[in-house]
Amino acid sequence: MDFMLQYLSFFVIHTDGEQSTSSSGRRFKHYQTLDGDDYDDSEIKKFLDEEFVRIVKRKVERNPNTANAPTKVGRFMVEPGYELDSNQNYNLFQRLREADSKERFIGIADELVRIYMDTSAVRGGAFIVALSKLNTFFDTPFLFLLKCDFEPKIARISDERSLISHVEMAISARSIKSIQYPHMPEEGIMEPWELKIHQASHARYFEDFLKYVSYEKPLPEVIGEQVVEMVHQYIADKWQDEGGAERSEEENAVEVWASSEKRELQEWWSHEQVEAASAALVEQKPDLPFSFKLDAVTVKGLLSDFGGSIHFAKHNGRYVVVIEGDQFQFDRGMSPIELLQPRELTDVLPLIGSRVSEQDVDSYDTQSNAVQRDGEDDSPPW
(Lines give C-alpha, C1' and ligand atoms only; values in the text may rest on other atoms or scores of the structure.)
Protein backbone atom coordinates (compact mmCIF):
# COMPACT_ATOMS: atom_id res chain seq x y z
CA MET A 1 0.00 0.00 0.00
CA ASP A 2 1.35 3.39 -1.00
CA PHE A 3 0.83 5.88 1.84
CA MET A 4 1.83 9.54 1.58
CA LEU A 5 1.87 11.27 4.93
CA GLN A 6 0.65 14.87 5.12
CA TYR A 7 0.95 15.73 8.83
CA LEU A 8 1.87 13.93 12.03
CA SER A 9 1.76 15.31 15.57
CA PHE A 10 3.62 13.45 18.32
CA PHE A 11 2.55 13.92 21.95
CA VAL A 12 3.80 12.29 25.15
CA ILE A 13 1.42 11.64 28.04
CA HIS A 14 2.69 11.44 31.62
CA THR A 15 0.71 10.16 34.61
CA ASP A 16 1.56 10.00 38.32
CA GLY A 17 0.83 6.28 38.43
CA GLU A 18 0.76 3.35 36.01
CA GLN A 19 -2.87 4.16 35.31
CA SER A 20 -4.36 7.45 36.44
CA THR A 21 -8.08 7.98 37.00
CA SER A 22 -7.57 11.52 38.28
CA SER A 23 -7.17 14.35 35.79
CA SER A 24 -4.91 16.18 38.26
CA GLY A 25 -2.29 13.43 37.92
CA ARG A 26 -2.09 13.69 34.13
CA ARG A 27 -0.23 15.97 31.77
CA PHE A 28 0.89 15.87 28.17
CA LYS A 29 3.49 17.56 26.03
CA HIS A 30 3.59 18.24 22.31
CA TYR A 31 6.96 17.03 21.07
CA GLN A 32 6.85 17.69 17.35
CA THR A 33 4.61 18.00 14.31
CA LEU A 34 5.95 16.82 10.96
CA ASP A 35 4.84 17.44 7.42
CA GLY A 36 5.43 14.98 4.60
CA ASP A 37 9.03 16.02 3.93
CA ASP A 38 9.97 16.01 7.62
CA TYR A 39 8.42 12.57 8.02
CA ASP A 40 10.34 11.08 5.09
CA ASP A 41 13.63 12.11 6.74
CA SER A 42 12.65 10.98 10.27
CA GLU A 43 13.35 7.80 12.23
CA ILE A 44 9.67 7.44 13.13
CA LYS A 45 8.87 6.67 9.48
CA LYS A 46 10.47 3.22 9.89
CA PHE A 47 8.39 2.66 13.01
CA LEU A 48 5.02 3.75 11.58
CA ASP A 49 4.95 2.92 7.86
CA GLU A 50 4.31 -0.77 8.48
CA GLU A 51 1.88 0.08 11.28
CA PHE A 52 -0.33 2.14 8.94
CA VAL A 53 -0.53 -0.81 6.54
CA ARG A 54 -1.26 -3.20 9.41
CA ILE A 55 -4.08 -0.99 10.69
CA VAL A 56 -5.77 -0.68 7.29
CA LYS A 57 -5.44 -4.39 6.50
CA ARG A 58 -6.56 -5.59 9.95
CA LYS A 59 -9.70 -7.70 9.59
CA VAL A 60 -12.76 -6.72 11.57
CA GLU A 61 -16.17 -8.31 12.04
CA ARG A 62 -19.12 -5.94 12.05
CA ASN A 63 -20.73 -8.26 14.61
CA PRO A 64 -17.80 -9.81 16.52
CA ASN A 65 -18.06 -13.15 18.28
CA THR A 66 -17.52 -11.48 21.65
CA ALA A 67 -18.25 -8.11 23.24
CA ASN A 68 -14.54 -7.88 24.13
CA ALA A 69 -13.26 -8.22 20.56
CA PRO A 70 -10.10 -6.09 20.19
CA THR A 71 -11.09 -4.72 16.77
CA LYS A 72 -14.51 -3.18 16.16
CA VAL A 73 -16.40 -1.05 13.66
CA GLY A 74 -17.82 2.11 15.18
CA ARG A 75 -20.57 4.25 13.69
CA PHE A 76 -21.18 7.94 14.37
CA MET A 77 -24.48 8.46 16.19
CA VAL A 78 -26.95 11.12 15.02
CA GLU A 79 -30.53 11.93 15.93
CA PRO A 80 -33.14 10.82 13.37
CA GLY A 81 -33.30 13.30 10.49
CA TYR A 82 -29.87 14.80 11.18
CA GLU A 83 -26.69 14.48 9.12
CA LEU A 84 -23.14 13.49 10.03
CA ASP A 85 -22.07 17.06 10.79
CA SER A 86 -24.34 17.02 13.87
CA ASN A 87 -21.95 14.50 15.52
CA GLN A 88 -19.19 16.08 17.66
CA ASN A 89 -16.68 13.25 17.17
CA TYR A 90 -17.15 13.36 13.40
CA ASN A 91 -16.71 17.15 13.31
CA LEU A 92 -13.40 16.94 15.18
CA PHE A 93 -12.10 14.21 12.88
CA GLN A 94 -13.26 16.07 9.80
CA ARG A 95 -11.53 19.30 10.87
CA LEU A 96 -8.28 17.36 11.15
CA ARG A 97 -8.76 15.84 7.69
CA GLU A 98 -9.38 19.28 6.24
CA ALA A 99 -6.40 20.99 7.93
CA ASP A 100 -4.51 22.95 5.25
CA SER A 101 -1.42 23.90 7.26
CA LYS A 102 0.89 22.46 9.92
CA GLU A 103 -0.20 25.12 12.43
CA ARG A 104 -3.88 24.36 11.84
CA PHE A 105 -3.23 20.63 12.27
CA ILE A 106 -1.28 21.15 15.52
CA GLY A 107 -4.08 23.22 17.04
CA ILE A 108 -6.81 20.66 16.31
CA ALA A 109 -4.60 17.70 17.32
CA ASP A 110 -3.91 19.44 20.64
CA GLU A 111 -7.67 19.83 21.16
CA LEU A 112 -8.17 16.11 20.46
CA VAL A 113 -5.51 15.02 22.96
CA ARG A 114 -7.04 17.25 25.64
CA ILE A 115 -10.37 15.46 25.15
CA TYR A 116 -8.60 12.10 25.37
CA MET A 117 -6.96 13.13 28.65
CA ASP A 118 -10.43 13.39 30.25
CA THR A 119 -11.27 9.71 29.68
CA SER A 120 -11.75 7.37 32.64
CA ALA A 121 -8.32 5.71 32.64
CA VAL A 122 -5.21 7.11 30.95
CA ARG A 123 -1.75 5.55 30.95
CA GLY A 124 1.52 7.19 30.10
CA GLY A 125 2.80 6.79 26.57
CA ALA A 126 2.97 8.33 23.13
CA PHE A 127 -0.13 9.68 21.39
CA ILE A 128 0.23 10.13 17.63
CA VAL A 129 -2.22 11.94 15.36
CA ALA A 130 -1.46 11.34 11.67
CA LEU A 131 -3.05 12.30 8.38
CA SER A 132 -2.05 10.20 5.39
CA LYS A 133 -3.31 9.54 1.88
CA LEU A 134 -3.57 6.05 0.47
CA ASN A 135 -2.53 6.90 -3.08
CA THR A 136 -3.52 3.46 -4.35
CA PHE A 137 -7.21 4.30 -4.05
CA PHE A 138 -8.04 7.80 -2.77
CA ASP A 139 -7.24 11.50 -2.99
CA THR A 140 -8.79 12.19 0.42
CA PRO A 141 -6.72 11.30 3.50
CA PHE A 142 -7.18 8.81 6.31
CA LEU A 143 -6.91 9.95 9.89
CA PHE A 144 -4.95 7.68 12.24
CA LEU A 145 -4.90 8.03 16.02
CA LEU A 146 -2.32 5.83 17.74
CA LYS A 147 -1.68 5.36 21.45
CA CYS A 148 1.50 3.51 22.42
CA ASP A 149 1.93 2.73 26.12
CA PHE A 150 5.38 2.99 27.65
CA GLU A 151 7.28 -0.26 28.06
CA PRO A 152 8.88 -0.34 31.55
CA LYS A 153 12.42 -1.52 32.30
CA ILE A 154 13.70 -1.42 28.74
CA ALA A 155 17.48 -1.60 28.33
CA ARG A 156 19.75 -1.41 25.31
CA ILE A 157 23.44 -2.04 24.61
CA SER A 158 25.12 1.38 24.50
CA ASP A 159 28.92 1.04 24.22
CA GLU A 160 31.84 -1.12 25.31
CA ARG A 161 32.35 0.84 28.55
CA SER A 162 28.88 1.09 30.12
CA LEU A 163 27.40 -1.83 28.14
CA ILE A 164 23.81 -1.25 29.22
CA SER A 165 21.87 2.00 28.97
CA HIS A 166 18.39 2.33 30.48
CA VAL A 167 15.69 3.83 28.26
CA GLU A 168 13.24 5.86 30.33
CA MET A 169 10.48 6.18 27.70
CA ALA A 170 10.32 3.24 25.31
CA ILE A 171 7.33 2.47 23.11
CA SER A 172 6.58 -0.71 21.26
CA ALA A 173 4.39 -1.46 18.26
CA ARG A 174 3.20 -4.57 20.12
CA SER A 175 0.77 -2.63 22.31
CA ILE A 176 -0.45 0.05 19.88
CA LYS A 177 -4.12 1.01 20.12
CA SER A 178 -5.45 2.68 17.01
CA ILE A 179 -8.37 4.44 15.36
CA GLN A 180 -8.68 4.61 11.59
CA TYR A 181 -11.15 6.99 9.99
CA PRO A 182 -12.85 6.47 7.59
CA HIS A 183 -13.32 2.71 7.75
CA MET A 184 -12.45 0.90 4.50
CA PRO A 185 -14.71 -2.20 4.48
CA GLU A 186 -13.30 -3.24 1.09
CA GLU A 187 -10.35 -2.01 -0.91
CA GLY A 188 -11.31 1.18 -2.71
CA ILE A 189 -14.45 1.82 -0.62
CA MET A 190 -14.64 4.50 2.09
CA GLU A 191 -17.45 4.51 4.64
CA PRO A 192 -17.75 8.09 6.03
CA TRP A 193 -20.18 7.01 8.77
CA GLU A 194 -17.78 4.43 10.20
CA LEU A 195 -14.37 4.14 11.82
CA LYS A 196 -12.25 1.15 12.83
CA ILE A 197 -10.99 0.92 16.39
CA HIS A 198 -8.37 -1.48 17.74
CA GLN A 199 -7.54 -1.83 21.44
CA ALA A 200 -6.15 -5.09 22.72
CA SER A 201 -6.55 -3.88 26.29
CA HIS A 202 -9.80 -4.50 28.19
CA ALA A 203 -9.71 -0.89 29.44
CA ARG A 204 -11.51 0.42 26.33
CA TYR A 205 -9.68 3.76 26.33
CA PHE A 206 -10.83 4.72 22.87
CA GLU A 207 -14.44 3.72 23.43
CA ASP A 208 -14.54 6.07 26.43
CA PHE A 209 -12.87 8.76 24.33
CA LEU A 210 -15.41 8.56 21.49
CA LYS A 211 -18.63 9.30 23.34
CA TYR A 212 -20.75 9.75 20.21
CA VAL A 213 -19.83 6.52 18.45
CA SER A 214 -21.85 3.31 18.71
CA TYR A 215 -20.76 -0.27 18.05
CA GLU A 216 -22.67 -3.18 16.60
CA LYS A 217 -23.87 -5.86 19.00
CA PRO A 218 -21.73 -9.00 19.30
CA LEU A 219 -22.85 -11.91 17.16
CA PRO A 220 -24.20 -14.14 19.99
CA GLU A 221 -26.49 -11.31 21.08
CA VAL A 222 -27.72 -10.66 17.53
CA ILE A 223 -28.39 -14.35 16.90
CA GLY A 224 -30.08 -14.71 20.29
CA GLU A 225 -32.48 -11.88 19.46
CA GLN A 226 -33.32 -13.51 16.12
CA VAL A 227 -33.97 -16.87 17.74
CA VAL A 228 -36.30 -15.31 20.34
CA GLU A 229 -38.10 -13.49 17.53
CA MET A 230 -38.53 -16.83 15.70
CA VAL A 231 -40.05 -18.38 18.82
CA HIS A 232 -42.48 -15.48 19.28
CA GLN A 233 -43.48 -15.75 15.63
CA TYR A 234 -44.04 -19.48 16.08
CA ILE A 235 -46.30 -18.84 19.08
CA ALA A 236 -48.20 -16.14 17.16
CA ASP A 237 -48.77 -18.52 14.21
CA LYS A 238 -49.73 -21.37 16.54
CA TRP A 239 -52.36 -19.52 18.54
CA GLN A 240 -53.21 -16.62 16.18
CA ASP A 241 -56.04 -14.79 18.01
CA GLU A 242 -56.69 -17.63 20.44
CA GLY A 243 -54.89 -19.31 23.31
CA GLY A 244 -55.67 -17.07 26.25
CA ALA A 245 -53.95 -18.27 29.40
CA GLU A 246 -52.07 -21.07 27.63
CA ARG A 247 -50.58 -18.65 25.12
CA SER A 248 -49.53 -16.26 27.91
CA GLU A 249 -47.93 -19.15 29.76
CA GLU A 250 -45.87 -20.06 26.67
CA GLU A 251 -44.81 -16.45 26.12
CA ASN A 252 -43.73 -16.13 29.76
CA ALA A 253 -41.72 -19.34 29.45
CA VAL A 254 -39.92 -17.87 26.43
CA GLU A 255 -39.00 -14.72 28.37
CA VAL A 256 -37.63 -16.75 31.28
CA TRP A 257 -35.64 -18.97 28.92
CA ALA A 258 -34.26 -16.03 26.90
CA SER A 259 -33.08 -14.13 29.99
CA SER A 260 -31.29 -17.11 31.58
CA GLU A 261 -27.49 -17.21 31.44
CA LYS A 262 -27.35 -21.01 31.53
CA ARG A 263 -30.12 -22.72 29.62
CA GLU A 264 -31.25 -26.31 29.28
CA LEU A 265 -32.75 -28.14 26.33
CA GLN A 266 -36.39 -27.00 26.08
CA GLU A 267 -37.84 -29.73 23.81
CA TRP A 268 -40.37 -27.33 22.28
CA TRP A 269 -39.70 -27.91 18.57
CA SER A 270 -39.35 -30.93 16.31
CA HIS A 271 -36.06 -31.77 14.59
CA GLU A 272 -37.42 -30.43 11.29
CA GLN A 273 -38.42 -27.08 12.84
CA VAL A 274 -35.00 -26.65 14.42
CA GLU A 275 -33.24 -27.52 11.14
CA ALA A 276 -35.32 -24.93 9.25
CA ALA A 277 -34.61 -22.19 11.82
CA SER A 278 -30.90 -23.07 11.88
CA ALA A 279 -30.72 -22.96 8.08
CA ALA A 280 -32.16 -19.42 8.08
CA LEU A 281 -29.39 -18.27 10.43
CA VAL A 282 -26.63 -20.15 8.59
CA GLU A 283 -27.73 -18.49 5.35
CA GLN A 284 -26.85 -15.13 6.92
CA LYS A 285 -23.49 -16.33 8.28
CA PRO A 286 -22.25 -19.75 7.12
CA ASP A 287 -19.51 -19.99 9.79
CA LEU A 288 -21.85 -19.30 12.71
CA PRO A 289 -20.35 -20.97 15.81
CA PHE A 290 -22.32 -23.43 17.90
CA SER A 291 -21.33 -24.87 21.28
CA PHE A 292 -23.01 -26.70 24.14
CA LYS A 293 -22.28 -28.81 27.21
CA LEU A 294 -23.68 -32.23 27.96
CA ASP A 295 -23.02 -32.61 31.68
CA ALA A 296 -19.27 -31.84 31.95
CA VAL A 297 -18.39 -32.40 28.29
CA THR A 298 -18.12 -29.34 26.01
CA VAL A 299 -18.62 -29.60 22.25
CA LYS A 300 -17.78 -26.81 19.83
CA GLY A 301 -18.61 -26.70 16.15
CA LEU A 302 -20.64 -24.77 13.60
CA LEU A 303 -24.41 -24.39 13.54
CA SER A 304 -24.31 -25.81 10.02
CA ASP A 305 -23.01 -29.09 11.53
CA PHE A 306 -26.31 -29.71 13.33
CA GLY A 307 -28.30 -32.40 11.58
CA GLY A 308 -25.28 -33.19 9.38
CA SER A 309 -22.44 -34.35 11.58
CA ILE A 310 -23.91 -33.50 15.00
CA HIS A 311 -27.10 -35.25 16.11
CA PHE A 312 -29.11 -34.96 19.34
CA ALA A 313 -31.15 -37.95 20.54
CA LYS A 314 -32.65 -39.60 23.62
CA HIS A 315 -32.17 -43.25 24.54
CA ASN A 316 -33.24 -45.07 27.69
CA GLY A 317 -34.13 -41.73 29.29
CA ARG A 318 -30.72 -40.20 28.68
CA TYR A 319 -29.59 -37.45 26.30
CA VAL A 320 -27.20 -38.60 23.59
CA VAL A 321 -25.01 -36.61 21.20
CA VAL A 322 -23.76 -38.44 18.12
CA ILE A 323 -20.87 -36.78 16.29
CA GLU A 324 -19.90 -38.41 13.05
CA GLY A 325 -16.75 -37.87 11.01
CA ASP A 326 -14.04 -39.53 8.99
CA GLN A 327 -11.22 -39.48 11.53
CA PHE A 328 -10.31 -38.62 15.10
CA GLN A 329 -7.48 -36.26 15.92
CA PHE A 330 -5.81 -35.99 19.32
CA ASP A 331 -3.55 -33.20 20.47
CA ARG A 332 -1.84 -32.91 23.85
CA GLY A 333 -2.20 -35.35 26.69
CA MET A 334 -1.68 -38.79 25.14
CA SER A 335 -4.13 -41.35 26.53
CA PRO A 336 -5.01 -45.03 26.03
CA ILE A 337 -8.21 -43.91 24.26
CA GLU A 338 -6.08 -43.20 21.19
CA LEU A 339 -5.49 -46.97 20.93
CA LEU A 340 -9.18 -47.84 20.89
CA GLN A 341 -10.83 -50.01 18.27
CA PRO A 342 -14.38 -48.49 18.38
CA ARG A 343 -17.44 -50.65 18.85
CA GLU A 344 -20.38 -50.55 16.53
CA LEU A 345 -23.01 -48.00 17.56
CA THR A 346 -25.60 -50.76 17.84
CA ASP A 347 -23.40 -52.39 20.50
CA VAL A 348 -23.16 -49.16 22.51
CA LEU A 349 -26.85 -48.21 22.50
CA PRO A 350 -27.92 -50.92 25.01
CA LEU A 351 -25.37 -49.49 27.48
CA ILE A 352 -26.85 -45.97 27.43
CA GLY A 353 -28.99 -45.37 30.48
CA SER A 354 -28.22 -48.75 31.97
CA ARG A 355 -25.54 -47.43 34.38
CA VAL A 356 -23.62 -50.66 33.90
CA SER A 357 -20.49 -51.37 35.86
CA GLU A 358 -17.09 -51.86 34.30
CA GLN A 359 -17.38 -55.61 34.89
CA ASP A 360 -20.73 -55.74 33.06
CA VAL A 361 -19.25 -53.85 30.09
CA ASP A 362 -16.42 -56.37 29.86
CA SER A 363 -18.93 -59.20 30.01
CA TYR A 364 -21.05 -57.57 27.31
CA ASP A 365 -18.05 -57.18 25.04
CA THR A 366 -17.14 -60.82 25.48
CA GLN A 367 -20.62 -61.99 24.54
CA SER A 368 -21.22 -59.63 21.62
CA ASN A 369 -17.87 -60.17 19.93
CA ALA A 370 -16.03 -63.30 18.87
CA VAL A 371 -15.21 -65.72 21.71
CA GLN A 372 -11.54 -65.59 22.70
CA ARG A 373 -9.41 -68.56 21.83
CA ASP A 374 -8.25 -70.70 24.75
CA GLY A 375 -5.09 -69.31 26.25
CA GLU A 376 -5.20 -66.01 24.34
CA ASP A 377 -4.43 -63.00 26.54
CA ASP A 378 -6.06 -59.80 25.36
CA SER A 379 -5.12 -57.65 28.39
CA PRO A 380 -3.15 -54.40 27.90
CA PRO A 381 0.62 -54.79 27.51
CA TRP A 382 1.46 -52.98 30.82
# chains A, B, ... in the order shown; residues from 1 in each chain; ligands from 1
>>> closest_atom_pairs(of="region 65-133 of chain A", to="region 39-53 of chain A", cutoff="12 Å", atoms="only C-alpha atoms", output="CSV")
residue,atom,partner,partner_atom,distance
A:Ile128,CA,A:Leu48,CA,10.0
A:Val129,CA,A:Leu48,CA,11.6
A:Ala130,CA,A:Phe52,CA,9.7
A:Leu131,CA,A:Phe52,CA,10.5
A:Ser132,CA,A:Phe52,CA,9.0
A:Lys133,CA,A:Phe52,CA,10.6
>>> select_by_dssp(residues="region 102-253 of chain A", states="strand (DSSP E or B)", output="PyMOL selection string")
chain A and resi 122+125-134+141-150+154-157+164-167+171+177-181+183-186+189-191+194-198+213-215
>>> select_by_dssp(residues="region 140-283 of chain A", states="helix (DSSP H, G or I)", output="PyMOL selection string")
chain A and resi 173-175+205-209+219-239+245-259+271-283
>>> atom_distance(atom1="CA of Gly308 (chain A)", atom2="CA of Glu338 (chain A)")
24.7 Å
>>> closest_atom_pairs(of="region 271-330 of chain A", to="region 215-232 of chain A", cutoff="10 Å", atoms="only C-alpha atoms", output="tab-separated table")
residue	atom	partner	partner_atom	distance
A:Ala277	CA	A:Met230	CA	7.7
A:Ser278	CA	A:Val227	CA	9.1
A:Leu281	CA	A:Ile223	CA	7.6
A:Lys285	CA	A:Leu219	CA	9.9
A:Leu288	CA	A:Leu219	CA	8.7
A:Pro289	CA	A:Pro220	CA	8.9
A:Phe290	CA	A:Pro220	CA	9.7
>>> atom_distance(atom1="CA of Gly124 (chain A)", atom2="CA of Val12 (chain A)")
7.5 Å
>>> closest_atom_pairs(of="region 265-294 of chain A", to="region 309-319 of chain A", cutoff="10 Å", atoms="only C-alpha atoms", output="JSON lines")
{"residue": "A:Leu265", "atom": "CA", "partner": "A:Tyr319", "partner_atom": "CA", "distance": 9.8}
{"residue": "A:His271", "atom": "CA", "partner": "A:Phe312", "partner_atom": "CA", "distance": 9.0}
{"residue": "A:Leu294", "atom": "CA", "partner": "A:Tyr319", "partner_atom": "CA", "distance": 8.1}
>>> atom_distance(atom1="CA of Ser178 (chain A)", atom2="CA of Leu146 (chain A)")
4.5 Å
>>> residues_around(residues="region 24-34 of chain A", least_positions_apart="4", cutoff="6 Å", atoms="only C-alpha atoms", output="list in words")
Tyr7, Leu8, Ser9, Phe10, Phe11, Val12, Ile13, His14, Thr15, Asp16, Asp38 and Tyr39 of chain A
>>> closest_residue(among="A:Thr140, A:Thr346, A:Ser175, A:Ser214", to="Ile189 (chain A)", atoms="only C-alpha atoms")
A:Thr140
